file final-v1.txt (compact mmCIF, C-alpha atoms)
# COMPACT_ATOMS: atom_id res chain seq x y z
CA MET A 1398 131.58 -9.28 87.97
CA SER A 1399 129.78 -11.99 89.95
CA THR A 1400 131.51 -15.35 90.29
CA ILE A 1401 129.81 -18.30 88.62
CA LYS A 1402 129.44 -20.96 91.32
CA ARG A 1403 129.47 -24.22 89.42
CA ASN A 1404 128.48 -26.63 92.20
CA GLN A 1405 125.60 -24.48 93.42
CA LEU A 1406 124.24 -24.21 89.89
CA PHE A 1407 124.51 -27.97 89.51
CA VAL A 1408 122.69 -28.60 92.82
CA ALA A 1409 119.91 -26.18 91.86
CA SER A 1410 119.60 -27.94 88.49
CA CYS A 1411 119.21 -31.27 90.27
CA LEU A 1412 116.46 -29.81 92.49
CA ALA A 1413 114.62 -28.55 89.42
CA LEU A 1414 114.84 -31.99 87.84
CA LEU A 1415 113.65 -33.49 91.13
CA VAL A 1416 110.39 -31.55 90.75
CA THR A 1417 110.09 -32.91 87.21
CA SER A 1418 110.51 -36.48 88.39
CA LEU A 1419 108.28 -36.09 91.46
CA SER A 1420 105.51 -35.08 89.08
CA PHE A 1421 106.01 -38.40 87.26
CA GLY A 1422 106.33 -40.53 90.39
CA ILE A 1423 103.42 -39.08 92.34
CA ARG A 1424 101.14 -38.86 89.32
CA ALA A 1425 101.99 -42.43 88.26
CA GLY A 1426 100.70 -43.56 91.65
CA LEU A 1427 97.50 -41.51 91.37
CA LEU A 1428 96.25 -42.43 87.89
CA ASN A 1429 93.92 -45.13 89.19
CA THR A 1430 92.80 -42.78 91.97
CA TRP A 1431 91.75 -40.14 89.44
CA ALA A 1432 90.05 -42.73 87.24
CA HIS A 1433 87.96 -43.88 90.22
CA GLU A 1434 87.25 -40.49 91.83
CA PHE A 1435 86.37 -38.64 88.63
CA GLY A 1436 84.94 -41.57 86.62
CA LEU A 1437 87.59 -41.35 83.89
CA THR A 1438 88.20 -44.00 81.24
CA GLN A 1439 91.71 -45.32 80.65
CA GLU A 1440 91.76 -43.42 77.36
CA GLU A 1441 91.06 -40.18 79.25
CA ILE A 1442 93.82 -41.09 81.72
CA GLY A 1443 96.10 -41.68 78.73
CA ILE A 1444 95.24 -38.24 77.34
CA ILE A 1445 95.92 -36.57 80.71
CA THR A 1446 99.28 -38.26 81.20
CA SER A 1447 100.28 -37.70 77.57
CA THR A 1448 99.64 -33.98 78.01
CA ALA A 1449 102.79 -33.71 80.14
CA PHE A 1450 104.71 -35.39 77.37
CA TRP A 1451 103.63 -32.99 74.63
CA GLY A 1452 103.73 -29.97 76.95
CA PHE A 1453 107.35 -30.95 77.51
CA PRO A 1454 108.43 -30.85 73.83
CA LEU A 1455 106.47 -27.65 73.28
CA ALA A 1456 108.48 -25.97 76.03
CA ILE A 1457 111.81 -27.60 75.18
CA PHE A 1458 111.58 -26.66 71.49
CA ILE A 1459 110.76 -23.05 72.28
CA GLY A 1460 113.30 -22.96 75.11
CA GLY A 1461 115.97 -24.50 72.89
CA VAL A 1462 115.60 -21.65 70.42
CA LEU A 1463 115.50 -18.97 73.11
CA VAL A 1464 118.19 -20.20 75.51
CA ASP A 1465 121.10 -18.66 73.57
CA VAL A 1466 119.16 -15.41 73.17
CA ILE A 1467 117.63 -14.70 76.58
CA GLY A 1468 119.91 -16.87 78.70
CA MET A 1469 119.34 -19.88 80.92
CA LYS A 1470 118.32 -17.91 84.02
CA LYS A 1471 115.18 -16.40 82.49
CA LEU A 1472 114.10 -19.82 81.21
CA LEU A 1473 114.42 -21.30 84.68
CA VAL A 1474 112.32 -18.50 86.18
CA ALA A 1475 109.64 -19.44 83.64
CA ALA A 1476 110.01 -23.11 84.65
CA PHE A 1477 109.38 -22.15 88.29
CA ILE A 1478 106.18 -20.31 87.31
CA PHE A 1479 104.91 -23.24 85.21
CA HIS A 1480 105.63 -25.74 87.98
CA ALA A 1481 104.04 -23.67 90.75
CA ALA A 1482 100.89 -22.99 88.70
CA GLY A 1483 100.59 -26.63 87.62
CA ILE A 1484 100.95 -27.97 91.15
CA PHE A 1485 98.34 -25.54 92.48
CA LEU A 1486 95.84 -26.35 89.74
CA THR A 1487 96.27 -30.09 90.33
CA ILE A 1488 95.50 -29.62 94.03
CA VAL A 1489 92.20 -27.84 93.27
CA ALA A 1490 91.28 -30.11 90.31
CA SER A 1491 87.74 -31.47 90.11
CA GLY A 1492 87.72 -33.46 86.87
CA PHE A 1493 89.22 -34.09 83.46
CA TRP A 1494 89.92 -30.55 82.24
CA PRO A 1495 91.62 -29.16 85.36
CA LEU A 1496 93.83 -32.26 85.42
CA PHE A 1497 94.50 -31.82 81.70
CA ILE A 1498 95.53 -28.16 82.04
CA SER A 1499 97.56 -28.69 85.22
CA THR A 1500 99.41 -31.58 83.61
CA LEU A 1501 100.12 -29.40 80.57
CA LEU A 1502 101.59 -26.66 82.80
CA ILE A 1503 103.76 -29.13 84.70
CA GLY A 1504 104.88 -30.65 81.40
CA MET A 1505 105.86 -27.20 80.16
CA GLY A 1506 107.76 -26.61 83.39
CA ASN A 1507 109.53 -29.94 82.96
CA GLY A 1508 110.47 -29.11 79.37
CA THR A 1509 111.73 -25.67 80.30
CA VAL A 1510 113.94 -27.17 83.02
CA GLU A 1511 115.49 -29.52 80.46
CA ALA A 1512 115.82 -26.74 77.88
CA ALA A 1513 117.93 -24.71 80.28
CA CYS A 1514 119.64 -27.29 82.50
CA ASN A 1515 120.97 -29.68 79.84
CA PRO A 1516 123.05 -26.95 78.12
CA LEU A 1517 123.88 -25.52 81.56
CA VAL A 1518 125.43 -28.81 82.71
CA ALA A 1519 127.27 -29.16 79.39
CA SER A 1520 128.62 -25.63 79.78
CA LEU A 1521 129.70 -26.17 83.37
CA TYR A 1522 131.50 -29.46 82.61
CA PRO A 1523 132.68 -29.25 78.95
CA ASN A 1524 135.30 -32.00 79.37
CA ASN A 1525 133.04 -34.53 81.10
CA LYS A 1526 129.61 -33.97 79.59
CA THR A 1527 128.13 -37.46 79.27
CA THR A 1528 129.09 -38.44 82.82
CA ARG A 1529 127.82 -35.18 84.30
CA LEU A 1530 124.57 -35.40 82.34
CA ASN A 1531 124.11 -38.88 83.80
CA TYR A 1532 124.73 -37.50 87.30
CA PHE A 1533 122.23 -34.70 86.63
CA HIS A 1534 119.61 -37.08 85.22
CA LEU A 1535 120.10 -39.36 88.20
CA TRP A 1536 117.56 -37.11 89.90
CA PHE A 1537 114.85 -38.04 87.43
CA PRO A 1538 114.59 -41.67 88.57
CA GLY A 1539 115.58 -40.51 92.06
CA GLY A 1540 112.53 -38.30 92.27
CA ILE A 1541 110.31 -41.06 90.90
CA VAL A 1542 111.58 -43.36 93.67
CA ILE A 1543 110.76 -40.70 96.27
CA GLY A 1544 107.35 -39.99 94.71
CA THR A 1545 106.27 -43.60 94.45
CA LEU A 1546 107.43 -44.36 97.98
CA ILE A 1547 105.40 -41.40 99.24
CA VAL A 1548 102.30 -42.62 97.39
CA SER A 1549 102.85 -46.19 98.58
CA PHE A 1550 103.35 -45.12 102.20
CA PHE A 1551 100.26 -42.91 102.29
CA GLY A 1552 98.16 -45.47 100.43
CA GLN A 1553 99.11 -48.51 102.50
CA TYR A 1554 99.98 -47.23 105.96
CA VAL A 1555 98.15 -43.98 106.61
CA ALA A 1556 94.53 -44.51 105.63
CA ASP A 1557 92.48 -46.20 102.97
CA SER A 1558 90.72 -42.88 102.36
CA ILE A 1559 93.93 -41.37 101.01
CA TYR A 1560 92.89 -42.43 97.53
CA LEU A 1561 89.59 -40.61 97.86
CA SER A 1562 90.35 -37.43 99.77
CA ASN A 1563 93.95 -36.69 100.74
CA TRP A 1564 95.85 -37.29 97.49
CA ARG A 1565 96.04 -33.51 97.09
CA THR A 1566 98.46 -33.42 100.04
CA LEU A 1567 100.81 -35.67 98.11
CA VAL A 1568 100.80 -33.32 95.14
CA GLY A 1569 101.43 -30.35 97.47
CA ILE A 1570 104.72 -31.93 98.60
CA MET A 1571 106.19 -30.83 95.26
CA PHE A 1572 105.93 -27.19 96.33
CA LEU A 1573 108.98 -27.51 98.64
CA PRO A 1574 111.69 -28.39 96.07
CA THR A 1575 110.00 -26.01 93.60
CA LEU A 1576 110.48 -23.06 95.96
CA LEU A 1577 114.04 -24.14 96.78
CA TYR A 1578 115.24 -24.29 93.19
CA GLY A 1579 113.41 -21.04 92.35
CA VAL A 1580 115.20 -19.16 95.14
CA MET A 1581 118.60 -20.65 94.29
CA PHE A 1582 118.42 -19.86 90.59
CA PHE A 1583 117.21 -16.34 91.30
CA LYS A 1584 120.33 -15.61 93.37
CA LEU A 1585 122.99 -17.25 91.16
CA THR A 1586 124.94 -15.94 88.15
CA PHE A 1587 124.82 -18.04 84.97
CA PRO A 1588 127.41 -18.66 82.24
CA VAL A 1589 126.65 -18.39 78.52
CA THR A 1590 125.93 -21.62 76.68
CA GLU A 1591 128.81 -23.75 75.44
CA ARG A 1592 128.02 -23.02 71.79
CA VAL A 1593 128.17 -19.27 72.37
CA ALA A 1594 131.38 -19.56 74.42
CA SER A 1595 132.97 -21.63 71.63
CA GLY A 1596 132.23 -19.05 68.96
CA ILE A 1597 130.08 -21.31 66.75
CA SER A 1598 127.75 -19.16 64.64
CA THR A 1599 123.97 -19.50 64.74
CA SER A 1600 123.83 -20.36 61.04
CA LYS A 1601 126.37 -23.16 61.46
CA MET A 1602 124.39 -24.50 64.41
CA TYR A 1603 121.17 -24.73 62.39
CA LYS A 1604 122.94 -26.26 59.37
CA SER A 1605 124.38 -28.93 61.67
CA LEU A 1606 120.86 -30.08 62.55
CA PHE A 1607 120.57 -31.58 59.06
CA LYS A 1608 123.63 -33.80 59.36
CA PRO A 1609 122.73 -37.47 58.78
CA LEU A 1610 124.11 -38.54 62.18
CA PHE A 1611 121.93 -36.01 63.99
CA ILE A 1612 118.82 -37.14 62.09
CA VAL A 1613 119.60 -40.77 62.94
CA MET A 1614 119.98 -39.92 66.65
CA LEU A 1615 116.72 -37.97 66.51
CA ILE A 1616 114.88 -41.04 65.20
CA LEU A 1617 116.53 -43.36 67.73
CA MET A 1618 115.56 -41.01 70.55
CA LEU A 1619 111.90 -41.70 69.76
CA GLY A 1620 112.42 -45.37 70.58
CA THR A 1621 114.58 -44.90 73.68
CA ALA A 1622 112.15 -42.37 75.17
CA ILE A 1623 109.07 -44.55 74.59
CA THR A 1624 110.81 -47.61 76.01
CA GLU A 1625 111.82 -45.80 79.20
CA LEU A 1626 109.09 -43.29 79.92
CA PHE A 1627 105.91 -44.96 78.69
CA THR A 1628 106.69 -48.12 80.65
CA GLY A 1629 107.67 -46.19 83.77
CA GLN A 1630 104.63 -43.91 83.76
CA TRP A 1631 102.14 -46.72 83.07
CA ILE A 1632 103.63 -49.64 84.98
CA ASP A 1633 101.18 -49.24 87.87
CA VAL A 1634 98.23 -49.21 85.47
CA LEU A 1635 99.44 -52.12 83.33
CA LEU A 1636 100.47 -54.47 86.13
CA LYS A 1637 98.25 -53.38 89.04
CA ASN A 1638 96.00 -56.38 88.54
CA VAL A 1639 98.91 -58.78 88.01
CA THR A 1640 100.64 -57.97 91.30
CA ASP A 1641 99.67 -56.20 94.53
CA ASN A 1642 102.95 -54.21 94.37
CA ALA A 1643 102.81 -52.67 90.89
CA ILE A 1644 103.86 -49.20 92.07
CA LEU A 1645 106.80 -50.78 93.92
CA LEU A 1646 107.92 -52.25 90.59
CA LEU A 1647 108.34 -48.66 89.41
CA THR A 1648 110.17 -47.83 92.64
CA LEU A 1649 112.53 -50.77 92.15
CA GLU A 1650 113.12 -50.01 88.47
CA THR A 1651 113.90 -46.35 89.11
CA GLY A 1652 116.04 -47.23 92.15
CA VAL A 1653 118.22 -49.31 89.83
CA MET A 1654 118.36 -46.31 87.48
CA VAL A 1655 119.61 -44.08 90.29
CA LEU A 1656 122.43 -46.50 91.10
CA GLY A 1657 123.30 -46.94 87.44
CA ARG A 1658 123.53 -43.24 86.70
CA GLY A 1659 125.54 -42.71 89.86
CA LEU A 1660 128.08 -45.19 88.47
CA ALA A 1661 128.01 -43.70 84.98
CA GLU A 1662 131.63 -42.51 84.80
CA PRO A 1663 133.41 -45.90 84.70
CA VAL A 1664 130.67 -47.43 82.53
CA VAL A 1665 130.76 -44.64 79.93
CA HIS A 1666 134.57 -44.55 79.84
CA LYS A 1667 134.79 -48.34 79.50
CA LEU A 1668 132.14 -48.86 76.83
CA SER A 1669 131.85 -45.44 75.08
CA PRO A 1670 128.42 -43.73 74.77
CA GLN A 1671 127.43 -45.83 71.75
CA GLY A 1672 128.49 -49.02 73.52
CA VAL A 1673 126.39 -48.05 76.52
CA LEU A 1674 123.36 -47.47 74.28
CA LEU A 1675 123.75 -50.91 72.67
CA MET A 1676 124.06 -52.63 76.04
CA SER A 1677 121.05 -50.67 77.33
CA SER A 1678 118.85 -51.78 74.45
CA ILE A 1679 119.65 -55.45 75.05
CA LEU A 1680 118.84 -55.24 78.76
CA ALA A 1681 115.68 -53.18 78.16
CA ALA A 1682 114.37 -55.79 75.71
CA ILE A 1683 115.04 -58.61 78.18
CA GLY A 1684 113.43 -56.62 81.03
CA LEU A 1685 110.25 -55.92 79.06
CA TYR A 1686 110.01 -59.58 78.07
CA LEU A 1687 110.17 -60.60 81.73
CA LEU A 1688 107.60 -57.97 82.76
CA GLY A 1689 105.22 -59.10 80.02
CA HIS A 1690 105.58 -62.84 80.61
CA SER A 1691 106.01 -63.19 84.37
CA THR A 1692 104.05 -63.20 87.61
CA GLY A 1693 105.02 -63.08 91.26
CA ASN A 1694 108.63 -62.45 92.22
CA MET A 1695 109.87 -62.74 88.63
CA LEU A 1696 108.20 -59.40 87.95
CA PHE A 1697 110.70 -57.81 90.31
CA VAL A 1698 113.55 -59.48 88.44
CA GLY A 1699 112.11 -58.01 85.26
CA ALA A 1700 111.93 -54.55 86.85
CA ILE A 1701 115.60 -54.77 87.90
CA VAL A 1702 116.77 -55.84 84.44
CA PHE A 1703 114.57 -53.23 82.76
CA GLY A 1704 115.91 -50.52 85.10
CA MET A 1705 119.48 -51.53 84.21
CA GLY A 1706 118.53 -51.23 80.56
CA VAL A 1707 116.88 -47.82 80.50
CA CYS A 1708 118.99 -46.07 83.15
CA TYR A 1709 121.50 -44.68 80.65
CA PHE A 1710 119.20 -44.06 77.68
CA TRP A 1711 118.17 -40.41 78.11
CA PRO A 1712 121.37 -38.77 79.44
CA THR A 1713 123.65 -40.81 77.18
CA MET A 1714 121.64 -39.86 74.08
CA LEU A 1715 122.05 -36.20 75.05
CA GLY A 1716 125.71 -36.70 75.89
CA PHE A 1717 126.36 -38.48 72.59
CA VAL A 1718 124.90 -35.56 70.64
CA SER A 1719 126.75 -32.97 72.72
CA GLU A 1720 130.08 -34.78 72.34
CA ASN A 1721 129.86 -35.93 68.72
CA LEU A 1722 127.76 -33.10 67.27
CA PRO A 1723 128.84 -30.17 69.50
CA GLU A 1724 128.11 -27.58 66.83
CA THR A 1725 124.36 -28.31 67.20
CA GLY A 1726 124.57 -26.58 70.59
CA ALA A 1727 121.67 -26.24 73.00
CA VAL A 1728 119.16 -26.41 70.14
CA GLY A 1729 120.42 -29.86 69.16
CA MET A 1730 120.18 -31.23 72.69
CA ASN A 1731 116.72 -29.79 73.17
CA ILE A 1732 115.37 -31.01 69.83
CA ILE A 1733 116.54 -34.51 70.73
CA GLY A 1734 114.86 -34.34 74.16
CA GLY A 1735 111.70 -32.72 72.82
CA ALA A 1736 111.31 -35.28 70.06
CA GLY A 1737 111.58 -38.08 72.62
CA MET A 1738 108.86 -36.63 74.81
CA PHE A 1739 106.60 -35.93 71.84
CA ALA A 1740 106.91 -39.54 70.74
CA VAL A 1741 105.91 -40.69 74.23
CA SER A 1742 102.85 -38.40 74.20
CA VAL A 1743 101.60 -39.81 70.89
CA TYR A 1744 102.34 -43.37 71.97
CA MET A 1745 100.46 -42.89 75.26
CA ILE A 1746 97.32 -41.66 73.53
CA PHE A 1747 97.42 -44.55 71.06
CA MET A 1748 98.11 -47.14 73.74
CA GLY A 1749 95.46 -45.70 76.06
CA GLY A 1750 92.80 -46.37 73.43
CA TYR A 1751 94.31 -49.75 72.57
CA TYR A 1752 94.34 -50.74 76.26
CA ASP A 1753 90.65 -49.86 76.63
CA LYS A 1754 89.92 -51.90 73.49
CA LEU A 1755 91.79 -54.92 74.85
CA VAL A 1756 89.99 -54.67 78.20
CA ALA A 1757 86.58 -54.37 76.49
CA GLN A 1758 87.33 -57.48 74.40
CA LYS A 1759 87.88 -59.48 77.58
CA LEU A 1760 84.59 -58.37 79.18
CA PRO A 1761 81.19 -59.91 78.42
CA SER A 1762 79.87 -59.08 74.96
CA GLY A 1763 78.23 -55.63 74.81
CA ALA A 1764 79.69 -54.52 78.16
CA ASP A 1765 79.77 -50.77 78.90
CA LEU A 1766 83.39 -50.08 79.90
CA ALA A 1767 82.44 -46.82 81.68
CA ALA A 1768 79.97 -48.71 83.89
CA TYR A 1769 82.57 -51.31 84.76
CA ASN A 1770 85.13 -48.58 85.61
CA THR A 1771 82.76 -47.09 88.22
CA ALA A 1772 81.54 -50.40 89.64
CA PRO A 1773 81.83 -50.79 93.46
CA ALA A 1774 84.91 -52.64 94.67
CA GLY A 1775 84.24 -56.35 95.22
CA SER A 1776 81.25 -56.48 92.89
CA ASP A 1777 81.03 -59.00 90.04
CA MET A 1778 81.57 -56.18 87.52
CA ALA A 1779 84.65 -54.90 89.37
CA ASN A 1780 86.11 -58.40 89.58
CA ALA A 1781 85.50 -58.98 85.87
CA LEU A 1782 87.18 -55.67 85.07
CA ASN A 1783 90.22 -56.52 87.21
CA ASN A 1784 90.57 -59.85 85.47
CA ALA A 1785 90.35 -58.17 82.05
CA LYS A 1786 93.00 -55.64 83.04
CA SER A 1787 95.32 -58.37 84.33
CA LEU A 1788 95.25 -59.88 80.84
CA ALA A 1789 95.44 -56.62 78.87
CA GLY A 1790 98.36 -55.02 80.74
CA PRO A 1791 101.03 -57.58 79.81
CA GLN A 1792 99.84 -57.43 76.18
CA ILE A 1793 100.66 -53.71 76.07
CA ILE A 1794 104.11 -54.40 77.52
CA ASN A 1795 104.73 -57.17 74.99
CA ALA A 1796 103.78 -54.85 72.13
CA THR A 1797 106.17 -52.20 73.46
CA SER A 1798 109.03 -54.71 73.71
CA ILE A 1799 109.35 -54.65 69.92
CA ILE A 1800 110.88 -51.16 70.16
CA PRO A 1801 114.08 -52.05 72.09
CA ILE A 1802 114.57 -55.05 69.80
CA ILE A 1803 114.70 -52.64 66.86
CA LEU A 1804 117.05 -50.40 68.87
CA ILE A 1805 119.48 -53.30 69.38
CA VAL A 1806 120.00 -53.55 65.63
CA ALA A 1807 120.24 -49.76 65.18
CA PHE A 1808 122.74 -49.21 68.00
CA ALA A 1809 124.85 -52.16 66.83
CA ILE A 1810 125.20 -50.42 63.46
CA LEU A 1811 125.95 -47.11 65.22
CA PHE A 1812 128.62 -48.79 67.35
CA VAL A 1813 130.41 -50.16 64.26
CA TYR A 1814 130.11 -46.80 62.48
CA MET A 1815 131.49 -44.76 65.37
CA ARG A 1816 134.55 -47.00 65.71
CA SER A 1817 135.65 -45.87 62.25
CA ARG A 1818 134.71 -42.20 62.65
CA ASN A 1819 137.02 -39.47 63.90
CA THR A 1820 135.03 -37.03 66.02
CA LYS A 1821 135.98 -33.40 65.72
CA PRO A 1822 136.16 -31.61 69.09
CA LEU A 1823 134.87 -28.15 69.79
CA PRO A 1824 137.13 -25.24 68.80
CA VAL A 1825 140.22 -24.76 70.96
CA ALA A 1826 138.57 -21.74 72.55
CA ASN A 1827 136.49 -24.13 74.59
CA ALA A 1828 139.56 -25.54 76.32
CA ALA A 1829 140.08 -22.19 77.94
CA ILE A 1830 136.76 -22.45 79.73
CA ALA A 1831 137.23 -26.03 80.92
CA ASN A 1832 136.92 -24.93 84.52
CA PRO A 1833 136.70 -21.15 84.84
CA TYR A 1834 134.12 -21.40 87.60
CA GLU A 1835 134.26 -21.37 91.36
CA ASP A 1836 133.44 -24.86 92.69
CA GLN A 1837 130.98 -23.86 95.38
call {"tool": "encode", "arguments": {"input": "final-v1.txt", "output": "C-alpha cells"}}
result
Amino acid sequence: MSTIKRNQLFVASCLALLVTSLSFGIRAGLLNTWAHEFGLTQEEIGIITSTAFWGFPLAIFIGGVLVDVIGMKKLLVAAFIFHAAGIFLTIVASGFWPLFISTLLIGMGNGTVEAACNPLVASLYPNNKTTRLNYFHLWFPGGIVIGTLIVSFFGQYVADSIYLSNWRTLVGIMFLPTLLYGVMFFKLTFPVTERVASGISTSKMYKSLFKPLFIVMLILMLGTAITELFTGQWIDVLLKNVTDNAILLLTLETGVMVLGRGLAEPVVHKLSPQGVLLMSSILAAIGLYLLGHSTGNMLFVGAIVFGMGVCYFWPTMLGFVSENLPETGAVGMNIIGGAGMFAVSVYMIFMGGYYDKLVAQKLPSGADLAAYNTAPAGSDMANALNNAKSLAGPQIINATSIIPIILIVAFAILFVYMRSRNTKPLPVANAAIANPYEDQ
C-alpha cells in the first residue's frame, strides 16, 4: 500500500489554488485592456468576469457530490484539464464569446480545485482544520499579489503596447503552476474524505444540510463572498480613474490577506472562528467606507484595513462549518463555497449594469456609452468618460459597504449563540486518523 505523503499533498493543493488566484489577479488587471481592445461595455466585462463565479459553483456543487464517490484525485485531474483548456482559449481569444467560454472553463477548474482540496486539507489535518484551511487559502490572495504585480510590471515598465498585443503572454504564465500541480497530483496517493473515514452515513450527511445553523452559515456566506471577491476583482475598474495605482490597491489588499492568513493560528485560537468572523466584518465595513470616501494615500489605508477585514472570511467560514457541523462532510463545505461564488456571479452582473447606468448618467444627455468606451485616449469624449467613471466607481463601493454592516449584526448574534452551544466532535474513530500520514 502506497504511503500518503501529507506535506506533498498540501503543497500540491497550494499550487492548484495558486492557479485559481493567478486567474483572478491577472484577469483583474486585464479587464480594461479587453474592454478597449475588443470594444466591450462594462456590462459585458461584468458578464465575462461573473462567468468564472458561476462556473465555480457549478463545478463545486457537482464535485461536492462526487468527491466521496470517485475520490479527490480524479476531481483534481479534471481541474487540471479545465484549467489548461481555459488558459489556452484565453490566449487565442478574439472577442466576447471566447473570453466568456475560457473564463467559464477556468471557473470550473477553480471550483473543482476547491471541491477536492478543501475536504483534502480537512482530512489531512483533522485536529487543526480552520488554521490549516487558512494556510491553504493563503495562496489565493498570494496568487493575486503575484498576478497583479506581473500585470503592473509589464504594463508600466516593459512597453505601453503590452495592453494591446502582449497580454496573452501574461495569461500563458499560468501554464507553469498548472503543469506542476497536475504532475504532483498524478503521482501521489490520496486518503478518503474525513466523513468517510469517520463512518458518517450518506443519509445523515444530507439530513445535516437542513440544520438551522448550516442554513444560517449558507446565507452569511453570500455576504462574506460578495464583500471579499467582488471588491477584489473589480477594484481596478472601480478606482482606476480615482488613482493611478488602482491595481496596486488590489496588490496591497491581498498582500495584507497573505500575512493575515499566515498568522491565522494564534488569531483563531484567541478569538474562536465566530469571533474572527465578527472582527472581520467590522474591519471590512471600515475598509470599504475608506475606499468609497477617500482619494490619494488614504485609499491605500482603506485597502490595508479592508484586506485585514476580508483575509479570514472564506477559510474561516469553511473551517467553522467543518468544525461545528462535521457531519455535513465535503458536501457541506462545497455547498457553502459554491453558494458564495454564485452570489458573487449574480452580484457582478447586476453591478456591471448598474455601473454602466451610473456612468451614462454622468455623461452628456443622450450620450452613446459604446462610442465613449472606444474614444481615442486624450480626446474630449475619453476625458468625459474617465471623469464619469471616477464618480461612479466609489458609488458602487459605497453600495457594497452595506453588506458587511449587515454581517456585523449577524456575526454578533452568532458569537453570542456559539458561546452557549456545546459542539459535538466527530466520532472517536476520527481520533485514530489524526496523523496517520507520512509528513513528506
call {"tool": "closest_residue", "arguments": {"input": "final-v1.txt", "among": "A:Ile1423, A:Ala1736, A:Ala1764, A:Val1741", "to": "Leu1455 in chain A", "atoms": "only C-alpha atoms"}}
result
A:Ala1736
call {"tool": "closest_residue", "arguments": {"input": "final-v1.txt", "among": "A:Asp1765, A:Glu1650, A:Glu1511, A:Glu1434", "to": "Leu1688 in chain A", "atoms": "only C-alpha atoms"}}
result
A:Glu1650
call {"tool": "closest_residue", "arguments": {"input": "final-v1.txt", "among": "A:Gln1439, A:Ser1520, A:Thr1566, A:Thr1692", "to": "Leu1406 in chain A", "atoms": "all atoms listed in the file"}}
result
A:Ser1520
call {"tool": "atom_distance", "arguments": {"input": "final-v1.txt", "atom1": "CA of Thr1430 in chain A", "atom2": "CA of Arg1565 in chain A"}}
result
11.1 Å
call {"tool": "atom_distance", "arguments": {"input": "final-v1.txt", "atom1": "CA of Ala1727 in chain A", "atom2": "CA of Ile1457 in chain A"}}
result
10.2 Å
call {"tool": "atom_distance", "arguments": {"input": "final-v1.txt", "atom1": "CA of Leu1687 in chain A", "atom2": "CA of Ile1733 in chain A"}}
result
29.0 Å
call {"tool": "residues_around", "arguments": {"input": "final-v1.txt", "residues": "Leu1428 in chain A", "least_positions_apart": "2", "cutoff": "12 Å", "atoms": "all atoms listed in the file", "output": "PyMOL selection string"}}
result
chain A and resi 1420-1426+1430-1446+1493+1496+1548+1560+1564+1630-1635+1637+1644
call {"tool": "residues_around", "arguments": {"input": "final-v1.txt", "residues": "range 1570-1581 of chain A", "least_positions_apart": "2", "cutoff": "9 Å", "atoms": "all atoms listed in the file", "output": "PyMOL selection string"}}
result
chain A and resi 1405-1406+1408-1413+1415-1416+1419-1420+1473-1474+1476-1478+1480-1481+1484-1485+1565-1568+1583-1585
call {"tool": "residues_near_point", "arguments": {"input": "final-v1.txt", "point": "(124.0, -23.8, 66.2)", "cutoff": "7 Å", "atoms": "only C-alpha atoms", "output": "PDB file with C-alpha atoms, keeping the file's coordinate frame"}}
result
ATOM      1  CA  ARG A1592     128.020 -23.020  71.790  1.00  0.00           C
ATOM      2  CA  ILE A1597     130.080 -21.310  66.750  1.00  0.00           C
ATOM      3  CA  SER A1598     127.750 -19.160  64.640  1.00  0.00           C
ATOM      4  CA  THR A1599     123.970 -19.500  64.740  1.00  0.00           C
ATOM      5  CA  SER A1600     123.830 -20.360  61.040  1.00  0.00           C
ATOM      6  CA  LYS A1601     126.370 -23.160  61.460  1.00  0.00           C
ATOM      7  CA  MET A1602     124.390 -24.500  64.410  1.00  0.00           C
ATOM      8  CA  TYR A1603     121.170 -24.730  62.390  1.00  0.00           C
ATOM      9  CA  SER A1605     124.380 -28.930  61.670  1.00  0.00           C
ATOM     10  CA  GLU A1724     128.110 -27.580  66.830  1.00  0.00           C
ATOM     11  CA  THR A1725     124.360 -28.310  67.200  1.00  0.00           C
ATOM     12  CA  GLY A1726     124.570 -26.580  70.590  1.00  0.00           C
ATOM     13  CA  VAL A1728     119.160 -26.410  70.140  1.00  0.00           C
TER      14      VAL A1728
END
call {"tool": "residues_around", "arguments": {"input": "final-v1.txt", "residues": "Ala1757 in chain A", "least_positions_apart": "4", "cutoff": "12 Å", "atoms": "all atoms listed in the file", "output": "JSON, numbers by chain"}}
result
{"A": [1438, 1439, 1750, 1751, 1752, 1753, 1761, 1762, 1763, 1764, 1765, 1766, 1767, 1768, 1769, 1770, 1781, 1782, 1783, 1784, 1785, 1786, 1788, 1789]}
call {"tool": "closest_atom_pairs", "arguments": {"input": "final-v1.txt", "of": "range 1623-1717 of chain A", "to": "range 1800-1811 of chain A", "cutoff": "8 Å", "atoms": "only C-alpha atoms", "output": "Markdown table"}}
result
| residue | atom | partner | partner_atom | distance |
| --- | --- | --- | --- | --- |
| A:Thr1624 | CA | A:Pro1801 | CA | 6.8 |
| A:Gln1671 | CA | A:Leu1811 | CA | 6.8 |
| A:Gly1672 | CA | A:Phe1808 | CA | 8.0 |
| A:Leu1674 | CA | A:Phe1808 | CA | 6.5 |
| A:Leu1675 | CA | A:Phe1808 | CA | 5.1 |
| A:Ser1678 | CA | A:Pro1801 | CA | 5.3 |
| A:Ile1679 | CA | A:Ile1805 | CA | 6.1 |
| A:Ala1681 | CA | A:Pro1801 | CA | 6.4 |
| A:Ala1682 | CA | A:Pro1801 | CA | 5.2 |
call {"tool": "residues_around", "arguments": {"input": "final-v1.txt", "residues": "Glu1625 in chain A", "least_positions_apart": "6", "cutoff": "9 Å", "atoms": "all atoms listed in the file", "output": "PyMOL selection string"}}
result
chain A and resi 1681+1703-1704+1706-1708+1710-1711
call {"tool": "closest_residue", "arguments": {"input": "final-v1.txt", "among": "A:Leu1647, A:Lys1608, A:Ile1401, A:Leu1636", "to": "Asn1429 in chain A", "atoms": "only C-alpha atoms"}}
result
A:Leu1636
call {"tool": "closest_residue", "arguments": {"input": "final-v1.txt", "among": "A:Val1655, A:Met1714, A:Ile1746, A:Leu1626", "to": "Phe1533 in chain A", "atoms": "all atoms listed in the file"}}
result
A:Val1655
call {"tool": "closest_residue", "arguments": {"input": "final-v1.txt", "among": "A:Ala1740, A:Val1664, A:Leu1696, A:Ala1482", "to": "Gly1620 in chain A", "atoms": "only C-alpha atoms"}}
result
A:Ala1740
call {"tool": "residues_around", "arguments": {"input": "final-v1.txt", "residues": "Gly1659 in chain A", "least_positions_apart": "2", "cutoff": "9 Å", "atoms": "all atoms listed in the file", "output": "compact mmCIF listing (two decimals) with C-alpha atoms, in the frame of the given file"}}
result
# COMPACT_ATOMS: atom_id res chain seq x y z
CA THR A 1528 129.09 -38.44 82.82
CA ASN A 1531 124.11 -38.88 83.80
CA TYR A 1532 124.73 -37.50 87.30
CA LEU A 1535 120.10 -39.36 88.20
CA MET A 1654 118.36 -46.31 87.48
CA VAL A 1655 119.61 -44.08 90.29
CA LEU A 1656 122.43 -46.50 91.10
CA GLY A 1657 123.30 -46.94 87.44
CA ALA A 1661 128.01 -43.70 84.98
CA GLU A 1662 131.63 -42.51 84.80
